[in-house]
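Enquirer: For reference, the structure I am asking about is given below.
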Amino acid sequence: MRKQESLTNNLDWPLFSVFMVMLVLGLTTVYSVAYNEDAPNLFSFSEKYGKQLMWMLVSLFLGLMVFLIDSDIYRRFAVPIYLSTLVLLVVVLFMPAVHGAHAWLGVGSLGIQPAEFAKISTSLLLAKYIGGLTVKQQTTGTVMTASSILLIPMVLIMLQPDAGTFVVFTSFLFVMYREGLTFDPIILSFVNSIPGVRYKETWVGSHFIPILVVVVFLSIITLLLDQVTMNLNLFSYHFELSGSSSVVFFMGIFYILAWLFMTRFSTKRERSRMMVVLSLGFVLASLISIGVDSGFSSLRPHQKDRIELFLGMREDPNGKDYNRNRAMAAVGSGGFLGKGYREASVSSVRSNHVPESETDFIFCPFAEEWGFVGILILFALYIFMLVRIVMIAERQRSSFNRIYAYCVAMVLFYHFAINIGMNIGFAPVIGIPLPFFSYGGSSMMSFCMMMFILLKLDAQRKDVLH
Amino acid sequence: MNLDARRNVILAFIVFVGIIYTFRLFYMQVIDDTWTLRAQEIAEKRKEVFPPRGVIFDRNGRKIVTNRPYYNLMMVEDSIQNLDTMAFAKLIGWTKEEVRERFKEIVRGEGMYYNKITGKRTSNYQSIRAYPFLKELTLEEISSIAPHLSNFKGFHEEATSARNYPFQSGANILGYLSEVTREEIEEDHFYKPGNNIGRAGIERFYENELRGIKGIKYIVTSALNNAIESYADGKYDTVARQADPLKMGMDMVLQAYGEKLMQHKKGCIVAIEPKSGEILSMVSAPSYDPNLLVGRRNISKNYPKLAKDPNLPLFPRPLQAEYPPGSIFKLVQSLIGMQEGVINANTGFPCDKSMVGCHNHPSARNIAEAIKFSCNPYYYQAVRRIIQQNVKKSAFADAEYGLNKWYKYIRSFGLGKELDADVTGQRPGLIPNSAFYDKWYGHHTWAFSTIRSISIGQGEVKLTPIQMANIVAIIANKGWYYTPHFVKSIGYRGPLPQFRKKHWTMIDRRHFDPVIEGMRLVVNEDGGTGKQARMNDIIVCGKTGTVQNPHGEDHSVFFAFAPMNNPKIAIAVFVENAGWGGSWAAPIAQLMIEKYLKRKVTDKDKEKRMMEAHIAFKNVD
């Protein structure tokens with residue numbers, strides 16, 4: 001039974017409103033940052049704000065189309081949509097490079113970036129595929145398939161190369177985590193091949209997100225310690241430790257202490273199991289640390305530079321760290337109330353101290369103009385939006401809808417966290433846009449489409465039976 | 001496995017990042033001011049604004065030094081796109097190679113920066129900064145280039161100002177500007193690379209008075225270092241102030257006239273207003289147009305030419321040419337003799353040619369006649385009385401005593417030392433004392449007979465033209481002088497303090513009358529040596545001189561002041577290699593006096609003859 005009295009029937013007004021407010025805020029920021037005295041009209045299409053407005057209107061029109069079409073097509077056509085995006089991702093590799101990356105399809109300002117749209121199609125196919133699985137059904141094959149849906153576009157994007165979007169694709173791991181997808185089948189097939197070992201499940205396989213966090217943490221510690229050489233004198237032996245060896249050294253001390261602790265305070269049954277976990281943990285962590293260390297030293301110099309600069313191990317404010325240094329200066333100089341609208345002295349396009357301040361670094365002018373108060377409002381809007389999407393996801397009857405909603409939430413979250421992180425020294429500088437703010441047609445259209453599809457799916461959630 | 005709990009993990013993650021970022025931003029924006037300072041460093045530039053240099057007026061209120069707009073063609077390497085070198089070279093009238101070489105030259109000119117920590121050398125050149133590609137273009141030059149600059153991205157014009165000399169005269173007095181050296185910048189932080197500094201003349205001596213007060217502007221700048229807007233609406237800015245104008249004692253019309261009279265000759269004219277010490281004119285011939293040395297391009301083009309000119313136009317003759325004074329010294333000797341009481345106004349000496357040569361004239365019966373005839377033997381005998389006063393038993397000791405006494409008198413005329421004038425590069429001249437001769441001949445081995453040539457201003461005695469003109473001014477004033485100077489007032493503050501102090505000679509006022517009478521006779525009575533300087537209605541007092549020149553023809557010299565009873569101008573004229581003083585120097589002095597006192601000259605023939613004469617002048621092209 002379909003009751004479609006109007007387009008806005010069952011529309012989630014809170015999300016829609018925040019979405020629209022962000023679009024308006026984004027446009028005003030682009031207007032401010034790219035302001036040209038000679039063409040102050042918002043509708044001057046020779047200027048970036050004029051173009052951005054045009055892209056926005058196009059996106060809204062696309063949104064209207066989404067609302068006119070039954071949402072069932074996304075599930076039904078997920079595979080063809082996904083495949084056609086893959087084709088575009090392959091085609092784009094043969095296009096001429098712009099700023100060293102084969103990312104643009106088409107010419108000049110009218111070009112599009114297929115990578116932006118790949119986020120939508122990957123979300124749809126992932127939703128369709130994982131939505132059709134149950135926990136019991138998970139085999140090596142299904143895990144491999146789900147991973148491949150992610151990996152194929154990621155590989156193609158890395159070939160462009162576009163490190164930013166590549167990283168964004170890892171956001172889908174959170175969705176898989178939420179859906180209980182486990183890498184156990186693969187891990188078990190390795191582990192159980194050891195004679196005498198018979199595990200039904202590993203904790204590692206399904207809790208890959210916490211493990212990822214630990215791995216990242218360990219890697220950063222290892223790299224930071226790489227710079228410090230520790231001199232130790234133990235029993236008249238002299239040790240010089242650096243990087244991974246010092247991490248292993250400290251973990252070894254911790255391991256011995258934990259061992260002593262356990263032998264005193266735990267029961268025998270627990271003890272043997274915990275010993276295994278502890279030893280395995282120690283070995284794995286040491287391997288990670290050593291791996292990161294040797295991996296780092298085998299990197300090419302410019303890659304090393306990036307990592308070193310990001311971790312603050314080295315400063316180069318006028319050289320390789322130029323963008324981030326200028327961006328942080330712009331953001332930090334905003335103060336509590338900001339410098340006022342169109343008063344961004346560091347990050348306006350005209351002053352040009354912050355490169356890409358209308359695209360990837362658009363957070364700068366916003367933070368500079370509106371200060372901490374503006375930031376609070378922006379964060380409130382974003383967090384509200386993300387939480388609202390998660391809430392919407394959780395209220396869906398269909399798992400397709402839920403998974404898709406989670407995909408949207410996590411992609412937006414990644415963009416939010418990394419983009420703003422770049423501006424405050426919390427994330428490496430990888431070029432990804434701030435959704436709804438950054439200037440650019442492809443990102444504007446793809447984020448809007450994502451949102452509109454989500455809103456449409458949600459509006460029709462009651463129609464869906466499965 | 002409870003998957004729904006994982007929703008909370010994800011929500012917690014989102015909120016956690018939001019909170020962490022909020023704290024971080026609160027720290028960056030509100031608590032820590034590192035980044036605010038960094039932003040100021042990046043975007044807010046303290047820009048120094050240099051005012052136009054002070055203008056200079058002459059004694060009659062004519063603007064003789066002004067500023068005029070000039071243009072630099074600037075380039076920003078990073079903004080240059082697809083430069084059509086051929087077309088650009090054609091536009092500025094260069095060859096392709098010259099354009100390429102200029103780019104390299106700009107980079108080289110910035111020098112290298114040595115990083116002590118890394119030990120690396122990097123160029124100071126920054127491709128995002130604007131550098132002058134062509135400097136000091138005139139309005140005409142830039143207006144033929146500017147309309148086409150839109151075809152050459154990365155090039156733009158910038159207005160600056162340069163000196164302008166509306167009268168093409170007085171180069172030797174006014175001096176010129178040139179770019180500051182690195183040492184000068186280190187010594188005085190007022191300057192920035194590319195600034196100009198007074199290099200000679202008034203421009204140099206009054207550098208601090210002319211440069212003004214620089215202003216400071218806080219501006220918001222772009223990464224290309226372009227100014228965008230003023231910071232905080234100019235609340236902290238200070239205004240650049242142009243220096244007060246200098247008013248010179250010089251009469252520019254007289255100066256120009258003097259240069260014209262002296263053209264195709266070598267020599268100099270110094271004219272002083274006796275009652276103030278203001279220099280009315282100081283011609284150093286040959287002279288050149290001061291506009292030839294405005295700006296780097298002009299200097300590099302014209303300076304070598306001027307420096308190589310065999311007539312030495314850059315040699316400041318009035319200040320640095322040290323001549324034996326010749327006959328003008330007889331005036332001073334008369335005064336010292338009378339003051340010492342060894343002669344009086346009516347002392348006569350026979351013209352005894354056995355001691356020294358003289359021309360044919362009756363013996364002088366008094367000082368006035370001695371001056372009129374410029375009698376050499378007269379002064380031999382008179383000066384012997386000054387030097388050998390028979391106070392000591394030994395003739396040598398006596399000469400030592402006398403010479404040192406004489407030396408003190410001479411020094412009170414401002415001789416034997418640099419005058420404290422407002423100009424650099426004076427020579428002191430030479431007045432010998434006993435120590436000088438002791439060194440030369442040995443202690444007590446010399447007497448008047450050894451040093452007698454000083455009595456007629458020959459021998460060891462050397463004076464500069466400005467010192468000689470000052471002697472004339474002293475005689476006109478009857479015993480005192482103000483140090484000769486160019487600038488009569490800095491703004492409304494009057495001259496420098498040293499020019500407000502009257503210097504008295506050791507000669508009593510009454511002794512000047514016979515000397516002045518003698519000078520009147522020189523010009524106004526038949527048989528006088530300076531009748532070429534006579535005027536119908538104004539009494540000119542003068543003295544001819546002929547400076548012996550071991551290298552060639554003698555120099556023609558004439559000194560004069562006028563009018564006799566209210567002296568308004570004291571003048572010294574030197575014409576090198578022109579022979580006898582009455583022939584060239586006297587008529588030139590007369591024309592100068594007439595021009596100054598009456599503003600126009602009646603004897604046009606004489607004027608024409610003087611202007612057209614070529615004397616010992618090497619033509620150069």
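Labels used: A, B, ... for chains in the order of the structure tokens, numbers from 1 for residues in each chain, and numbers from 1 for ligands as shown.
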Check region 287-495 of chain B with DSSP on the backbone and list each residue it calls strand (DSSP E or B), as a PyMOL selection string.

Expert: chain B and resi 323+349+364+430+462-463+480-482+485+487-490

Enquirer: Check which residues of chain B sit at most 7 Å from chain A using only C-alpha atoms, and return one row each with the closest pair of atoms and their distance in Å to one decimal, ordered by chain and rising number, as a Markdown table.

Expert:
| residue | atom | partner | partner_atom | distance |
| --- | --- | --- | --- | --- |
| B:Leu3 | CA | A:Gly180 | CA | 6.2 |
| B:Arg6 | CA | A:Arg178 | CA | 5.6 |
| B:Arg7 | CA | A:Arg178 | CA | 6.5 |
| B:Leu11 | CA | A:Val387 | CA | 6.6 |
| B:Val15 | CA | A:Ile383 | CA | 6.8 |
| B:Gly18 | CA | A:Phe379 | CA | 6.7 |
| B:Leu25 | CA | A:Phe372 | CA | 6.9 |
| B:Phe26 | CA | A:Phe372 | CA | 6.4 |
| B:Met28 | CA | A:Gly332 | CA | 4.9 |
| B:Gln29 | CA | A:Gly332 | CA | 4.3 |
| B:Val30 | CA | A:Gly335 | CA | 5.2 |
| B:Trp35 | CA | A:Ala329 | CA | 4.6 |
| B:Thr36 | CA | A:Ser333 | CA | 4.0 |
| B:Arg38 | CA | A:Ala329 | CA | 5.7 |
| B:Ala39 | CA | A:Ala329 | CA | 4.9 |
| B:Ala43 | CA | A:Val346 | CA | 5.7 |
| B:Val220 | CA | A:Ser345 | CA | 6.5 |
| B:Thr221 | CA | A:Ser351 | CA | 6.3 |
| B:Ser222 | CA | A:Ser351 | CA | 3.6 |
| B:Ala223 | CA | A:His353 | CA | 4.7 |

Enquirer: Write the residues you've just listed into a file as a compact mmCIF listing (two decimals), in the first residue's frame, and include C-alpha atoms for each of them.

Expert:
# COMPACT_ATOMS: atom_id res chain seq x y z
CA LEU B 3 25.41 -5.85 17.60
CA ARG B 6 28.00 -1.29 18.55
CA ARG B 7 25.72 1.58 17.62
CA LEU B 11 27.95 7.27 18.49
CA VAL B 15 30.81 12.57 20.03
CA GLY B 18 33.55 16.34 18.45
CA LEU B 25 39.91 24.65 19.00
CA PHE B 26 39.19 26.35 22.31
CA MET B 28 44.03 27.20 19.68
CA GLN B 29 41.65 30.09 19.31
CA VAL B 30 41.02 31.34 22.82
CA TRP B 35 48.74 31.12 16.23
CA THR B 36 47.40 34.64 16.48
CA ARG B 38 51.84 33.60 13.70
CA ALA B 39 48.95 34.98 11.68
CA ALA B 43 49.55 38.52 7.04
CA VAL B 220 47.23 43.13 5.68
CA THR B 221 49.21 41.48 2.96
CA SER B 222 48.66 38.55 0.68
CA ALA B 223 51.03 35.66 0.12

Enquirer: Give me the residues near Ala370 (chain B) as a ChimeraX atom specification, where near means some atom within 12 Å (using only C-alpha atoms) and where sequence neighbours in that chain fewer than 6 positions away do not count.

Expert: /B:327,330-331,333-334,345-351,358,361-364,376-382,456,514-519,521-522,528-529,543

Enquirer: Could you check how far CA of Arg24 (chain B) sits from CA of Phe172 (chain A), in Å to one decimal?

Expert: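 Atom-to-atom, CA of Arg24 (chain B) to CA of Phe172 (chain A), that is 26.7 Å.
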
Enquirer: Pick out each residue of region 234-378 of chain B that DSSP on the backbone tags as helix (DSSP H, G or I); I need them as an MDAnalysis selection string.

Expert: chainID B and resid 234 252:261 290:293 295:308 317:320 328:340 367:373 376:378

Enquirer: So that I can see what lies close to Tyr257 (chain B), please list as a ChimeraX atom specification the residues with an atom at most 9 Å from it, counting only C-alpha atoms and leaving out residues fewer than 4 positions away in the same chain.

Expert: /B:252-253,261-262,592,595

Enquirer: What lies within 7 Å of Met95 (chain A) using only C-alpha atoms, ignoring chain neighbours under 3 positions off, as a list in words?

Expert: Val92, His102 and Leu105 of chain A

Enquirer: For the selection just defined, write its residues with C-alpha atoms to a file, as an mmCIF file, in the first residue's frame.

Expert:
data_model
loop_
_atom_site.group_PDB
_atom_site.id
_atom_site.type_symbol
_atom_site.label_atom_id
_atom_site.label_comp_id
_atom_site.auth_asym_id
_atom_site.auth_seq_id
_atom_site.Cartn_x
_atom_site.Cartn_y
_atom_site.Cartn_z
ATOM 1 C CA VAL A 92 39.302 8.598 -15.661
ATOM 2 C CA HIS A 102 43.957 11.624 -13.104
ATOM 3 C CA LEU A 105 36.384 13.541 -16.186
#

Enquirer: Using only C-alpha atoms, which of the listed residues (B:Glu48, B:Asp251, B:Glu340, B:Glu184) sits closest to Asn196 (chain B)?

Expert: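 For Asn196 (chain B), the nearest of the candidates is B:Glu184.
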
Enquirer: Could you name the residues that touch Ile56 (chain B) at 7 Å or less, counting only C-alpha atoms, but leaving out those on the same chain fewer than 4 positions away, as a list in words?

Expert: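 Neighbouring residues, sequence-local ones excluded: Lys63, Ile64, Val65, Thr66, Pro245, Leu246 and Lys247 of chain B.
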
Enquirer: Write the residues of the preceding selection, restricted to N, CA and C atoms, as a PDB file, in the first residue's frame.

Expert:
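Result saved to result37.pdb:
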ATOM      1  N   LYS B  63      62.288  77.233  -6.523  1.00  0.00           N
ATOM      2  CA  LYS B  63      62.453  75.804  -6.228  1.00  0.00           C
ATOM      3  C   LYS B  63      63.583  75.282  -7.092  1.00  0.00           C
ATOM      4  N   ILE B  64      64.675  74.878  -6.460  1.00  0.00           N
ATOM      5  CA  ILE B  64      65.800  74.433  -7.284  1.00  0.00           C
ATOM      6  C   ILE B  64      66.011  72.926  -7.224  1.00  0.00           C
ATOM      7  N   VAL B  65      65.452  72.289  -6.200  1.00  0.00           N
ATOM      8  CA  VAL B  65      65.489  70.822  -6.169  1.00  0.00           C
ATOM      9  C   VAL B  65      64.110  70.331  -5.784  1.00  0.00           C
ATOM     10  N   THR B  66      63.520  69.518  -6.635  1.00  0.00           N
ATOM     11  CA  THR B  66      62.178  68.999  -6.357  1.00  0.00           C
ATOM     12  C   THR B  66      62.199  67.488  -6.583  1.00  0.00           C
ATOM     13  N   PRO B 245      61.542  72.207   3.942  1.00  0.00           N
ATOM     14  CA  PRO B 245      62.416  72.588   2.825  1.00  0.00           C
ATOM     15  C   PRO B 245      63.673  73.288   3.323  1.00  0.00           C
ATOM     16  N   LEU B 246      64.722  73.152   2.557  1.00  0.00           N
ATOM     17  CA  LEU B 246      65.947  73.878   2.854  1.00  0.00           C
ATOM     18  C   LEU B 246      65.927  75.158   2.040  1.00  0.00           C
ATOM     19  N   LYS B 247      66.316  76.252   2.694  1.00  0.00           N
ATOM     20  CA  LYS B 247      66.458  77.491   1.938  1.00  0.00           C
ATOM     21  C   LYS B 247      67.940  77.793   1.814  1.00  0.00           C
TER      22      LYS B 247
END

Enquirer: Just the residues within 6 Å of Asp58 (chain B), please, counting only C-alpha atoms, with nothing from its chain fewer than 2 positions along; format it as a PyMOL selection string.

Expert: chain B and resi 60-62+247-248+250-251
